[in-house]
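Source file: coords.cif (mmCIF, C-alpha atoms (C1' of nucleotides))
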```cif
data_model
loop_
_atom_site.label_atom_id
_atom_site.label_comp_id
_atom_site.auth_asym_id
_atom_site.auth_seq_id
_atom_site.Cartn_x
_atom_site.Cartn_y
_atom_site.Cartn_z
CA MET P 1 25.18 43.45 -6.28
CA PRO P 2 26.91 43.21 -9.69
CA ALA P 3 24.25 42.57 -12.31
CA ASP P 4 26.45 41.06 -15.02
CA LEU P 5 27.87 38.47 -12.64
CA THR P 6 24.37 37.34 -11.83
CA VAL P 7 23.56 37.06 -15.51
CA THR P 8 26.71 35.05 -16.17
CA THR P 9 25.82 32.67 -13.39
CA ASN P 10 22.34 32.18 -14.75
CA ILE P 11 23.67 31.44 -18.23
CA ASP P 12 26.19 29.04 -16.77
CA SER P 13 23.62 27.10 -14.86
CA LEU P 14 21.36 27.00 -17.87
CA LYS P 15 24.12 25.60 -20.04
CA LYS P 16 25.26 23.05 -17.53
CA VAL P 17 21.75 21.83 -17.09
CA HIS P 18 21.62 20.66 -20.67
CA SER P 19 24.59 18.40 -20.22
CA ARG P 20 22.67 15.53 -18.65
CA SER P 21 21.56 15.89 -15.09
CA LYS P 22 18.06 17.40 -15.23
CA ARG P 23 16.45 14.05 -15.88
CA ASP P 24 18.34 12.53 -12.98
CA GLN P 25 17.30 15.40 -10.76
CA ILE P 26 13.69 14.71 -11.64
CA VAL P 27 14.01 10.97 -11.09
CA GLN P 28 15.71 11.38 -7.72
CA ALA P 29 13.12 13.91 -6.61
CA ALA P 30 10.31 11.67 -7.84
CA ILE P 31 11.73 8.72 -5.94
CA LYS P 32 11.68 10.73 -2.75
CA VAL P 33 8.19 12.14 -3.19
CA PHE P 34 6.56 8.95 -4.47
CA LEU P 35 8.09 6.88 -1.68
CA GLU P 36 6.88 9.35 0.92
CA ASN P 37 3.35 9.88 -0.37
CA GLY P 38 2.36 7.04 -2.67
CA TYR P 39 1.23 7.36 -6.25
CA LYS P 40 -2.04 9.23 -6.06
CA ALA P 41 -1.01 11.62 -3.31
CA THR P 42 2.08 12.67 -5.22
CA SER P 43 1.58 15.79 -7.28
CA MET P 44 3.67 16.78 -10.24
CA ASN P 45 4.01 20.21 -8.66
CA ARG P 46 5.58 18.68 -5.58
CA VAL P 47 8.02 16.64 -7.66
CA ALA P 48 8.96 19.72 -9.68
CA GLN P 49 9.54 21.71 -6.53
CA GLU P 50 11.68 18.98 -5.01
CA ALA P 51 13.70 18.66 -8.23
CA GLY P 52 14.16 22.40 -8.51
CA VAL P 53 12.58 22.53 -11.95
CA ILE P 54 9.30 23.76 -13.33
CA LYS P 55 6.48 21.33 -13.95
CA ALA P 56 6.58 21.61 -17.74
CA THR P 57 10.17 20.38 -17.66
CA ILE P 58 9.01 17.07 -16.24
CA TYR P 59 6.54 16.71 -19.08
CA SER P 60 9.33 17.25 -21.60
CA HIS P 61 11.08 14.18 -20.16
CA PHE P 62 8.12 11.98 -19.28
CA LYS P 63 4.85 11.60 -21.11
CA ASP P 64 2.72 11.72 -17.99
CA LYS P 65 2.65 10.96 -14.29
CA GLU P 66 2.25 7.25 -14.90
CA GLN P 67 5.39 6.99 -17.03
CA LEU P 68 7.36 8.91 -14.44
CA PHE P 69 6.16 6.50 -11.78
CA ILE P 70 7.13 3.48 -13.87
CA ALA P 71 10.57 5.00 -14.40
CA ILE P 72 11.25 5.45 -10.70
CA ILE P 73 10.05 1.96 -9.81
CA GLU P 74 12.37 0.48 -12.40
CA GLU P 75 15.15 2.62 -11.01
CA LEU P 76 14.44 1.25 -7.52
CA THR P 77 14.21 -2.39 -8.55
CA VAL P 78 15.93 -3.36 -11.78
CA LYS P 79 18.80 -0.88 -11.43
CA LYS P 80 19.25 -0.82 -7.66
CA ILE P 81 18.04 -3.80 -5.68
CA ASP P 82 18.54 -6.26 -8.51
CA LEU P 83 20.49 -9.11 -6.96
CA ASN P 84 23.06 -10.56 -9.27
CA TYR P 85 24.82 -13.59 -7.91
CA GLU P 86 27.49 -14.27 -10.50
CA ASP P 87 29.61 -16.40 -8.23
CA LEU P 88 27.37 -19.03 -6.71
CA ASP P 89 30.02 -21.53 -5.63
CA PRO P 90 31.19 -19.74 -2.48
CA ILE P 91 27.59 -19.44 -1.35
CA MET P 92 26.84 -23.10 -2.01
CA ALA P 93 29.91 -24.03 -0.03
CA LEU P 94 28.66 -22.32 3.11
CA SER P 95 27.66 -24.38 6.11
CA PRO P 96 23.95 -24.24 7.00
CA ASP P 97 24.86 -22.04 9.94
CA GLN P 98 26.74 -19.64 7.72
CA PHE P 99 24.01 -19.64 5.12
CA ILE P 100 21.34 -18.72 7.66
CA ASP P 101 23.64 -16.00 8.91
CA LEU P 102 24.04 -14.72 5.36
CA ILE P 103 20.35 -14.37 4.54
CA SER P 104 19.66 -13.06 8.02
CA SER P 105 22.23 -10.31 7.55
CA LYS P 106 20.82 -9.49 4.10
CA PHE P 107 17.38 -9.00 5.62
CA SER P 108 18.75 -7.07 8.57
CA VAL P 109 19.78 -4.39 6.12
CA LEU P 110 16.22 -4.15 4.81
CA MET P 111 14.81 -4.27 8.34
CA ASN P 112 16.74 -1.11 9.18
CA ASP P 113 16.23 0.80 5.95
CA PRO P 114 13.21 3.14 6.10
CA GLN P 115 13.47 3.76 2.38
CA TYR P 116 12.97 0.07 1.75
CA HIS P 117 9.95 0.06 4.04
CA ARG P 118 8.51 2.82 1.87
CA LEU P 119 9.23 0.87 -1.29
CA PHE P 120 7.45 -2.09 0.26
CA ARG P 121 4.43 0.08 1.11
CA LEU P 122 4.41 1.47 -2.40
CA MET P 123 4.74 -1.89 -4.18
CA VAL P 124 2.03 -3.55 -2.11
CA GLY P 125 -0.22 -0.51 -2.03
CA GLU P 126 -0.10 0.07 -5.78
CA SER P 127 0.01 -3.57 -6.86
CA GLU P 128 -3.58 -3.50 -8.05
CA ARG P 129 -3.25 -0.24 -9.95
CA PHE P 130 0.13 -1.24 -11.45
CA PRO P 131 0.27 -5.04 -11.65
CA GLU P 132 3.11 -4.89 -14.19
CA LEU P 133 5.30 -3.12 -11.65
CA ALA P 134 4.51 -5.71 -9.02
CA THR P 135 5.61 -8.30 -11.55
CA ILE P 136 8.92 -6.52 -12.07
CA TYR P 137 9.43 -6.51 -8.32
CA VAL P 138 8.64 -10.20 -8.02
CA LYS P 139 11.04 -11.06 -10.84
CA THR P 140 13.98 -8.87 -9.91
CA VAL P 141 13.82 -9.11 -6.13
CA ILE P 142 11.70 -11.95 -4.79
CA LEU P 143 12.45 -14.72 -7.27
CA ARG P 144 16.18 -13.98 -7.25
CA GLY P 145 16.39 -14.48 -3.53
CA MET P 146 14.09 -17.47 -3.64
CA ASP P 147 16.15 -19.14 -6.37
CA LEU P 148 19.34 -18.70 -4.42
CA ALA P 149 17.95 -20.34 -1.31
CA THR P 150 16.30 -23.12 -3.32
CA GLN P 151 19.60 -23.94 -4.97
CA TYR P 152 21.34 -23.97 -1.64
CA PHE P 153 18.98 -26.55 -0.19
CA ASP P 154 19.22 -28.57 -3.41
CA HIS P 155 22.99 -28.64 -2.97
CA HIS P 156 22.72 -29.89 0.60
CA PRO P 157 20.89 -33.21 0.65
CA GLU P 158 22.39 -33.96 4.08
CA LEU P 159 19.83 -31.49 5.49
CA ARG P 160 17.05 -33.82 4.30
CA ILE P 161 14.86 -30.94 3.07
CA GLU P 162 11.96 -32.59 1.27
CA ASP P 163 10.89 -29.48 -0.65
CA SER P 164 13.67 -26.98 -1.37
CA ALA P 165 11.42 -24.32 -2.85
CA ALA P 166 8.97 -24.48 0.06
CA MET P 167 11.88 -24.33 2.51
CA ALA P 168 13.34 -21.33 0.67
CA HIS P 169 10.01 -19.61 0.93
CA ILE P 170 9.74 -20.32 4.66
CA CYS P 171 13.17 -18.78 5.26
CA ALA P 172 12.66 -15.71 3.12
CA GLY P 173 9.01 -15.32 4.08
CA SER P 174 9.81 -15.42 7.78
CA PHE P 175 12.17 -12.48 7.44
CA VAL P 176 10.07 -10.48 5.02
CA SER P 177 6.92 -10.87 7.09
CA LEU P 178 8.91 -9.91 10.16
CA MET P 179 9.92 -6.67 8.48
CA ALA P 180 6.34 -6.16 7.35
CA TRP P 181 4.60 -6.37 10.69
CA GLN P 182 7.44 -5.08 12.86
CA GLN P 183 8.70 -2.15 10.82
CA VAL P 184 6.14 -1.39 8.15
CA LEU P 185 3.05 -1.80 10.34
CA GLY P 186 4.77 -0.63 13.50
CA GLY P 187 4.38 -3.83 15.51
CA ASN P 188 7.81 -3.26 17.05
CA LYS P 189 6.23 -0.61 19.29
CA LEU P 190 3.59 -3.05 20.53
CA ARG P 191 5.56 -6.26 20.69
CA PRO P 192 9.13 -6.26 19.49
CA LEU P 193 10.45 -9.49 18.03
CA GLU P 194 14.16 -9.62 17.29
CA ALA P 195 15.31 -10.94 13.94
CA SER P 196 17.97 -12.92 15.79
CA ARG P 197 15.28 -14.98 17.52
CA VAL P 198 13.75 -15.85 14.16
CA LYS P 199 17.20 -16.65 12.83
CA ASN P 200 18.04 -18.96 15.72
CA MET P 201 14.69 -20.70 15.53
CA LEU P 202 15.12 -21.27 11.80
CA ARG P 203 18.61 -22.62 12.37
CA ALA P 204 17.34 -25.02 14.97
CA LEU P 205 14.58 -26.24 12.66
CA ILE P 206 16.98 -26.81 9.79
CA CYS P 207 20.03 -28.16 11.56
CA GLU P 208 18.75 -30.04 14.61
CA ARG P 209 16.82 -32.83 12.98
CA MET I 1 -48.78 11.56 -13.47
CA PRO I 2 -50.62 12.01 -10.13
CA ALA I 3 -48.74 14.66 -8.19
CA ASP I 4 -49.99 13.79 -4.70
CA LEU I 5 -48.95 10.15 -5.04
CA THR I 6 -45.45 11.24 -5.85
CA VAL I 7 -45.41 13.48 -2.81
CA THR I 8 -46.59 10.69 -0.56
CA THR I 9 -43.86 8.38 -1.86
CA ASN I 10 -41.22 11.02 -1.22
CA ILE I 11 -42.40 11.55 2.32
CA ASP I 12 -42.43 7.81 2.88
CA SER I 13 -38.88 7.34 1.70
CA LEU I 14 -37.75 10.28 3.77
CA LYS I 15 -39.29 8.83 6.90
CA LYS I 16 -37.92 5.35 6.34
CA VAL I 17 -34.45 6.69 5.81
CA HIS I 18 -34.33 8.05 9.32
CA SER I 19 -34.84 4.63 10.82
CA ARG I 20 -31.17 3.59 10.73
CA SER I 21 -29.73 2.33 7.49
CA LYS I 22 -28.26 5.38 5.73
CA ARG I 23 -25.12 5.28 7.78
CA ASP I 24 -24.67 1.61 7.06
CA GLN I 25 -25.22 2.22 3.37
CA ILE I 26 -22.44 4.79 3.44
CA VAL I 27 -20.07 2.56 5.38
CA GLN I 28 -20.66 -0.42 3.09
CA ALA I 29 -20.17 1.73 0.01
CA ALA I 30 -17.04 3.29 1.49
CA ILE I 31 -15.62 -0.14 2.26
CA LYS I 32 -16.03 -1.14 -1.35
CA VAL I 33 -14.62 2.04 -2.85
CA PHE I 34 -11.72 2.45 -0.41
CA LEU I 35 -10.70 -1.19 -0.82
CA GLU I 36 -10.76 -0.86 -4.60
CA ASN I 37 -8.96 2.45 -4.93
CA GLY I 38 -7.00 3.20 -1.79
CA TYR I 39 -7.38 6.26 0.39
CA LYS I 40 -6.26 9.13 -1.79
CA ALA I 41 -7.80 7.86 -5.01
CA THR I 42 -11.19 7.47 -3.37
CA SER I 43 -13.45 10.47 -3.86
CA MET I 44 -16.36 11.35 -1.65
CA ASN I 45 -18.43 11.72 -4.82
CA ARG I 46 -17.72 8.12 -5.74
CA VAL I 47 -18.66 6.90 -2.27
CA ALA I 48 -21.86 8.90 -2.35
CA GLN I 49 -22.75 7.51 -5.77
CA GLU I 50 -22.06 3.95 -4.64
CA ALA I 51 -24.13 4.46 -1.49
CA GLY I 52 -26.99 6.02 -3.41
CA VAL I 53 -26.89 9.21 -1.35
CA ILE I 54 -25.78 12.73 -1.97
CA LYS I 55 -22.36 13.84 -0.84
CA ALA I 56 -23.60 16.23 1.84
CA THR I 57 -25.29 13.30 3.54
CA ILE I 58 -21.92 11.70 4.13
CA TYR I 59 -20.70 14.88 5.78
CA SER I 60 -23.68 14.86 8.10
CA HIS I 61 -22.53 11.45 9.39
CA PHE I 62 -18.76 11.84 9.24
CA LYS I 63 -16.69 14.91 9.92
CA ASP I 64 -14.44 14.43 6.92
CA LYS I 65 -12.89 11.88 4.60
CA GLU I 66 -10.34 10.83 7.20
CA GLN I 67 -12.98 9.97 9.82
CA LEU I 68 -14.92 7.97 7.25
CA PHE I 69 -11.77 6.03 6.41
CA ILE I 70 -11.05 5.33 10.06
CA ALA I 71 -14.62 4.11 10.49
CA ILE I 72 -14.41 1.62 7.63
CA ILE I 73 -11.04 0.27 8.76
CA GLU I 74 -12.41 -0.32 12.24
CA GLU I 75 -15.40 -2.02 10.67
CA LEU I 76 -13.06 -4.30 8.71
CA THR I 77 -10.80 -5.17 11.64
CA VAL I 78 -12.27 -4.76 15.09
CA LYS I 79 -15.81 -5.70 14.12
CA LYS I 80 -15.19 -8.27 11.39
CA ILE I 81 -11.86 -10.07 11.36
CA ASP I 82 -11.38 -9.82 15.10
CA LEU I 83 -10.47 -13.31 16.18
CA ASN I 84 -12.01 -14.24 19.47
CA TYR I 85 -10.91 -17.58 20.78
CA GLU I 86 -13.05 -18.02 23.86
CA ASP I 87 -12.55 -21.73 24.06
CA LEU I 88 -8.83 -22.42 23.89
CA ASP I 89 -8.82 -25.93 25.35
CA PRO I 90 -9.96 -27.79 22.22
CA ILE I 91 -7.28 -26.01 20.22
CA MET I 92 -4.54 -26.78 22.73
CA ALA I 93 -5.60 -30.41 22.64
CA LEU I 94 -4.97 -30.73 18.93
CA SER I 95 -2.10 -32.83 17.67
CA PRO I 96 0.68 -30.91 15.90
CA ASP I 97 -0.59 -32.30 12.62
CA GLN I 98 -4.09 -31.06 13.33
CA PHE I 99 -2.85 -27.70 14.53
CA ILE I 100 -0.86 -27.11 11.35
CA ASP I 101 -3.93 -28.11 9.39
CA LEU I 102 -6.00 -25.61 11.36
CA ILE I 103 -3.83 -22.57 10.77
CA SER I 104 -3.25 -23.64 7.19
CA SER I 105 -6.98 -23.77 6.56
CA LYS I 106 -7.44 -20.39 8.26
CA PHE I 107 -4.93 -18.85 5.89
CA SER I 108 -6.34 -20.65 2.89
CA VAL I 109 -9.49 -18.63 3.35
CA LEU I 110 -7.47 -15.41 3.21
CA MET I 111 -5.44 -16.69 0.27
CA ASN I 112 -8.63 -17.03 -1.75
CA ASP I 113 -10.39 -13.87 -0.64
CA PRO I 114 -9.74 -10.92 -3.00
CA GLN I 115 -11.33 -8.57 -0.50
CA TYR I 116 -8.73 -9.52 2.07
CA HIS I 117 -5.96 -8.94 -0.48
CA ARG I 118 -7.34 -5.44 -0.92
CA LEU I 119 -7.44 -4.88 2.84
CA PHE I 120 -3.82 -6.00 2.98
CA ARG I 121 -2.88 -3.56 0.21
CA LEU I 122 -4.72 -0.78 1.98
CA MET I 123 -3.25 -1.46 5.43
CA VAL I 124 0.31 -1.70 4.16
CA GLY I 125 -0.05 1.10 1.64
CA GLU I 126 -1.53 3.56 4.13
CA SER I 127 0.47 2.49 7.17
CA GLU I 128 2.65 5.58 7.04
CA ARG I 129 -0.25 8.00 6.57
CA PHE I 130 -2.39 6.25 9.22
CA PRO I 131 -0.06 4.56 11.70
CA GLU I 132 -2.86 4.32 14.28
CA LEU I 133 -4.87 2.15 11.92
CA ALA I 134 -1.90 -0.11 11.30
CA THR I 135 -1.69 -0.44 15.08
CA ILE I 136 -5.33 -1.47 15.28
CA TYR I 137 -4.68 -4.08 12.61
CA VAL I 138 -1.65 -5.44 14.42
CA LYS I 139 -3.55 -5.67 17.70
CA THR I 140 -6.80 -7.15 16.46
CA VAL I 141 -5.51 -9.44 13.77
CA ILE I 142 -1.80 -10.19 13.90
CA LEU I 143 -1.20 -10.42 17.64
CA ARG I 144 -4.32 -12.51 18.21
CA GLY I 145 -3.14 -15.14 15.77
CA MET I 146 0.40 -14.95 17.05
CA ASP I 147 -0.70 -15.39 20.66
CA LEU I 148 -2.74 -18.44 19.82
CA ALA I 149 0.16 -20.17 18.11
CA THR I 150 2.59 -19.15 20.84
CA GLN I 151 0.34 -20.66 23.47
CA TYR I 152 0.01 -23.85 21.49
CA PHE I 153 3.76 -24.36 21.32
CA ASP I 154 4.06 -23.49 25.01
CA HIS I 155 1.53 -26.23 25.77
CA HIS I 156 3.50 -28.80 23.78
CA PRO I 157 6.97 -29.16 25.26
CA GLU I 158 7.30 -32.53 23.56
CA LEU I 159 7.92 -30.60 20.32
CA ARG I 160 11.08 -29.13 21.86
CA ILE I 161 10.41 -25.66 20.44
CA GLU I 162 13.08 -23.44 21.98
CA ASP I 163 11.28 -20.16 21.24
CA SER I 164 7.51 -20.38 21.03
CA ALA I 165 6.97 -16.81 19.89
CA ALA I 166 9.59 -17.07 17.16
CA MET I 167 8.09 -20.36 16.04
CA ALA I 168 4.61 -18.83 15.99
CA HIS I 169 5.94 -16.04 13.83
CA ILE I 170 7.59 -18.46 11.41
CA CYS I 171 4.33 -20.36 10.96
CA ALA I 172 2.10 -17.32 10.55
CA GLY I 173 4.69 -15.35 8.60
CA SER I 174 5.20 -18.16 6.12
CA PHE I 175 1.53 -18.16 5.23
CA VAL I 176 1.05 -14.41 5.23
CA SER I 177 4.10 -13.80 3.07
CA LEU I 178 2.90 -16.53 0.74
CA MET I 179 -0.37 -14.70 0.28
CA ALA I 180 1.53 -11.44 -0.15
CA TRP I 181 3.82 -12.44 -2.99
CA GLN I 182 1.56 -15.00 -4.62
CA GLN I 183 -1.81 -13.27 -4.54
CA VAL I 184 -1.22 -9.62 -3.71
CA LEU I 185 1.84 -9.13 -5.92
CA GLY I 186 0.72 -11.64 -8.54
CA GLY I 187 3.62 -14.06 -8.19
CA ASN I 188 1.24 -16.97 -8.75
CA LYS I 189 1.24 -16.10 -12.45
CA LEU I 190 5.03 -16.24 -12.62
CA ARG I 191 5.79 -19.07 -10.24
CA PRO I 192 2.91 -20.68 -8.39
CA LEU I 193 3.68 -22.11 -4.96
CA GLU I 194 0.94 -24.13 -3.33
CA ALA I 195 0.06 -23.45 0.29
CA SER I 196 -0.05 -27.20 0.82
CA ARG I 197 3.68 -27.44 0.06
CA VAL I 198 4.42 -24.82 2.68
CA LYS I 199 2.13 -26.60 5.10
CA ASN I 200 3.81 -29.97 4.57
CA MET I 201 7.27 -28.48 4.87
CA LEU I 202 6.33 -26.74 8.11
CA ARG I 203 4.87 -29.96 9.46
CA ALA I 204 8.05 -31.82 8.63
CA LEU I 205 10.16 -29.18 10.35
CA ILE I 206 8.04 -29.24 13.48
CA CYS I 207 7.21 -32.91 13.80
CA GLU I 208 10.19 -34.79 12.36
CA ARG I 209 12.94 -33.84 14.73
"C1'" DG K 1 -31.16 14.38 8.09
"C1'" DT K 2 -31.32 15.20 3.42
"C1'" DC K 3 -30.83 17.56 -0.83
"C1'" DT K 4 -29.39 21.66 -4.33
"C1'" DA K 5 -25.98 24.45 -5.43
"C1'" DT K 6 -21.64 26.22 -5.06
"C1'" DA K 7 -17.35 27.83 -2.96
"C1'" DA K 8 -12.38 27.23 -2.79
"C1'" DT K 9 -8.57 24.70 -3.94
"C1'" DT K 10 -5.72 21.78 -6.42
"C1'" DA K 11 -4.82 18.31 -9.73
"C1'" DG K 12 -2.72 16.83 -14.46
"C1'" DA K 13 -1.55 18.54 -18.63
"C1'" DT K 14 -0.40 21.95 -22.56
"C1'" DA K 15 0.52 26.27 -25.73
"C1'" DG K 16 3.77 29.39 -26.95
"C1'" DA K 17 7.97 32.34 -26.23
"C1'" DC K 18 12.83 31.77 -26.15
"C1'" DG J 1 14.89 21.71 -23.34
"C1'" DT J 2 13.14 25.08 -20.40
"C1'" DC J 3 10.11 28.50 -18.53
"C1'" DT J 4 5.55 31.62 -18.10
"C1'" DA J 5 1.02 31.34 -18.08
"C1'" DT J 6 -3.12 29.05 -18.43
"C1'" DC J 7 -6.90 25.53 -19.37
"C1'" DT J 8 -9.91 21.98 -17.86
"C1'" DA J 9 -11.49 18.90 -14.74
"C1'" DA J 10 -11.85 17.01 -10.28
"C1'" DT J 11 -11.37 17.42 -5.49
"C1'" DT J 12 -12.96 18.38 -0.40
"C1'" DA J 13 -16.09 20.75 2.02
"C1'" DT J 14 -20.04 23.84 3.21
"C1'" DA J 15 -24.31 27.17 3.18
"C1'" DG J 16 -29.07 27.23 2.94
"C1'" DA J 17 -33.80 25.42 1.69
"C1'" DC J 18 -36.92 21.90 3.27
#
```
What's the structure tokens form of this structure?
Amino acid sequence: MPADLTVTTNIDSLKKVHSRSKRDQIVQAAIKVFLENGYKATSMNRVAQEAGVIKATIYSHFKDKEQLFIAIIEELTVKKIDLNYEDLDPIMALSPDQFIDLISSKFSVLMNDPQYHRLFRLMVGESERFPELATIYVKTVILRGMDLATQYFDHHPELRIEDSAAMAHICAGSFVSLMAWQQVLGGNKLRPLEASRVKNMLRALICER
Amino acid sequence: MPADLTVTTNIDSLKKVHSRSKRDQIVQAAIKVFLENGYKATSMNRVAQEAGVIKATIYSHFKDKEQLFIAIIEELTVKKIDLNYEDLDPIMALSPDQFIDLISSKFSVLMNDPQYHRLFRLMVGESERFPELATIYVKTVILRGMDLATQYFDHHPELRIEDSAAMAHICAGSFVSLMAWQQVLGGNKLRPLEASRVKNMLRALICER
DNA sequence: GTCTATAATTAGATAGAC
DNA sequence: GTCTATCTAATTATAGAC
């Protein structure tokens, strides 16, 4: 094995590392480990191993474990899930049928995304230890979706919805709680309930009045 | 200080302890500490301190931390929350208005019980580490409530509910998810939504068709 | 069953060389 | 910024006296 080639490679990788990516490596590894194990059960050693760096490197990027955790939660909410509806008009123009289909399909994605189930476990599980993070989640994810649905019902007086915000909550809450007890808590193995049945029931409640 | 008196007292307390209560002391202390801190962040030292016993005593009653955790979850679900509706007839005889009031009042208790919020955090947060416990929770708590509501809608064809189970889920899920994002995640500080608004909206959806 | 004492491991975090 | 090596504190769990 040629020794100088090995040395060159090592120098190369060391140089490249400085460019930018080490921090991203750490964040991506931390996302994986925190989502799998929760806050307390995640060790900095495990994150370092997963990121392919040494533990001290993490501490040169993040003050402590708590700051690293805050960083990955913001990455997962503000930067990723954050729902930005710039163009509201096409959504407001949907028929009630189409609108129910839209939010149903949005939630179907979450229903089938194990990583989102883990984020849900993490947010709920750590909401007492990190109330500020729960607040970020409520603002960037929950209220955005709620606002959209509320506006839709406001724009459709022909549906005779007495309380748009309450109706928005019932729609969103029905899907979220379905994901919670079916996927997160494993109820689908005991008594499966299809999202389509919830969708059709909601449609009937809203449209057939 | 009279030495023999002290000895007598020690013997007394030792004898009394055998009677029964030490295990209960441990379980009650463990419930408090686990609910406050979650599984991983709970130390056996802390439980022992809270129970007023020494750590080794816990290990003489429970094989390890995991078995203690399983014991307290069963205490909190099977033995406590377990909903036993022996007499279904009076419930089935309720008017839709009264029935909505009933389940709304049931959930209002949970909405205002911080200990239940902590149990919710714990169940969801640890549902990947302890899927069997999540299953117990689904069986003893969720499915019981769901079955009751499903039966009610089955007994009331005049409501023209096409899918009783889906409707039961929408009712229960609306209240549970309300508790989740308002109380557990702290959304009530950002945008309060009263349970009564959800109740009234549900009533309108069910009754005014 | 209960306590004292301790073993064995692992955690978060840092000092210092480069 | 990165790595080697290490410190300190806390953890789960147990052995042995009573």
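Minimum atom-to-atom distances from I:Ala149, I:Val176, I:Val124, I:Ile58 to Gly38 of chain I were compared using all atoms listed in the file, and the lowest value belongs to I:Val124.
Relative to atom CA of Glu158 of chain P, atom CA of Gly173 of chain P is found at 22.9 Å.
Those residues returned by the PyMOL selection byres ((chain I) within 7 of (chain P)) for this file are Lys40, Ala41, Arg121, Leu122, Val124, Gly125, Ser127, Ala134, Thr135, Val138, Asp163, Ala166, Met167, Ile170, Gly173, Ser174, Ser177, Val184, Leu185, Gly186, Gly187, Arg197, Val198, Met201, Leu205, Glu208 and Arg209 of chain I.
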**Message:** Excluding DA17 of chain J and its own-chain neighbours fewer than 6 positions away, which residues fall within 12 Å of it when counting only C-alpha atoms (C1' of nucleotides)? Please give them as a PyMOL selection string.
**Reply:** chain K and resi 2-5
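One finds atom CA of Thr140 of chain I at 20.8 Å from atom CA of Phe153 of chain I.
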**Prompt:** What does the distance between atom CA of Asp82 of chain P and atom CA of Tyr152 of chain P come to in Å, to one decimal place?
**Reply:** 19.2 Å
**Item:** Counting only C-alpha atoms (C1' of nucleotides), chain I residues within 8 Å of chain K, as a PyMOL selection string
**Value:** chain I and resi 18+54+56-57+60
Closest atom pairs, chain I residues within 9 Å of chain J, all atoms listed in the file, as CSV:
```
residue,atom,partner,partner_atom,distance
I:Ser43,CA,J:DT11,C1',7.4
I:Met44,CA,J:DT12,C1',7.9
I:Ala56,CA,J:DT14,C1',8.5
I:Tyr59,CA,J:DA13,C1',8.4
I:Asp64,CA,J:DA13,C1',8.2
I:Lys65,CA,J:DT12,C1',8.2
```
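Close contacts of Gly52 of chain I, defined as residues with an atom at most 12 Å away when counting only C-alpha atoms (C1' of nucleotides), with chain neighbours fewer than 4 positions off set aside, comprise Val17, Ser21, Lys22, Arg23, Asp24, Gln25, Ile26, Val27, Gln28, Ala29, Ala30, Asn45, Arg46, Val47, Ala48, Ala56, Thr57 and Ile58 of chain I.
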**Fill in**
In terms of all atoms listed in the file, the residue from I:His155, I:Arg203, I:Lys63, I:Arg144 at minimal distance from Thr77 of chain I is I:Arg144
For segment 24-35 of chain I, where the input has fewer atoms than it should, I would like N, CA and C atoms rebuilt and written as a PDB file, in the frame of the given file.
```pdb
ATOM      1  N   ASP I  24     -25.201   2.900   7.492  1.00  0.00           N
ATOM      2  CA  ASP I  24     -24.670   1.610   7.060  1.00  0.00           C
ATOM      3  C   ASP I  24     -24.450   1.568   5.558  1.00  0.00           C
ATOM      4  N   GLN I  25     -25.394   2.135   4.830  1.00  0.00           N
ATOM      5  CA  GLN I  25     -25.220   2.220   3.370  1.00  0.00           C
ATOM      6  C   GLN I  25     -23.906   2.910   3.028  1.00  0.00           C
ATOM      7  N   ILE I  26     -23.654   4.013   3.710  1.00  0.00           N
ATOM      8  CA  ILE I  26     -22.440   4.790   3.440  1.00  0.00           C
ATOM      9  C   ILE I  26     -21.201   3.959   3.788  1.00  0.00           C
ATOM     10  N   VAL I  27     -21.240   3.336   4.956  1.00  0.00           N
ATOM     11  CA  VAL I  27     -20.070   2.560   5.380  1.00  0.00           C
ATOM     12  C   VAL I  27     -19.804   1.411   4.407  1.00  0.00           C
ATOM     13  N   GLN I  28     -20.850   0.694   4.020  1.00  0.00           N
ATOM     14  CA  GLN I  28     -20.660  -0.420   3.090  1.00  0.00           C
ATOM     15  C   GLN I  28     -20.115   0.059   1.746  1.00  0.00           C
ATOM     16  N   ALA I  29     -20.662   1.166   1.276  1.00  0.00           N
ATOM     17  CA  ALA I  29     -20.170   1.730   0.010  1.00  0.00           C
ATOM     18  C   ALA I  29     -18.722   2.172   0.148  1.00  0.00           C
ATOM     19  N   ALA I  30     -18.408   2.797   1.264  1.00  0.00           N
ATOM     20  CA  ALA I  30     -17.040   3.290   1.490  1.00  0.00           C
ATOM     21  C   ALA I  30     -16.064   2.127   1.561  1.00  0.00           C
ATOM     22  N   ILE I  31     -16.477   1.038   2.199  1.00  0.00           N
ATOM     23  CA  ILE I  31     -15.620  -0.140   2.260  1.00  0.00           C
ATOM     24  C   ILE I  31     -15.267  -0.594   0.853  1.00  0.00           C
ATOM     25  N   LYS I  32     -16.279  -0.679   0.018  1.00  0.00           N
ATOM     26  CA  LYS I  32     -16.030  -1.140  -1.350  1.00  0.00           C
ATOM     27  C   LYS I  32     -15.089  -0.196  -2.095  1.00  0.00           C
ATOM     28  N   VAL I  33     -15.387   1.086  -2.056  1.00  0.00           N
ATOM     29  CA  VAL I  33     -14.620   2.040  -2.850  1.00  0.00           C
ATOM     30  C   VAL I  33     -13.200   2.214  -2.308  1.00  0.00           C
ATOM     31  N   PHE I  34     -13.061   2.307  -0.986  1.00  0.00           N
ATOM     32  CA  PHE I  34     -11.720   2.450  -0.410  1.00  0.00           C
ATOM     33  C   PHE I  34     -10.874   1.209  -0.699  1.00  0.00           C
ATOM     34  N   LEU I  35     -11.469   0.033  -0.575  1.00  0.00           N
ATOM     35  CA  LEU I  35     -10.700  -1.190  -0.820  1.00  0.00           C
ATOM     36  C   LEU I  35     -10.269  -1.273  -2.288  1.00  0.00           C
TER      37      LEU I  35
END
```
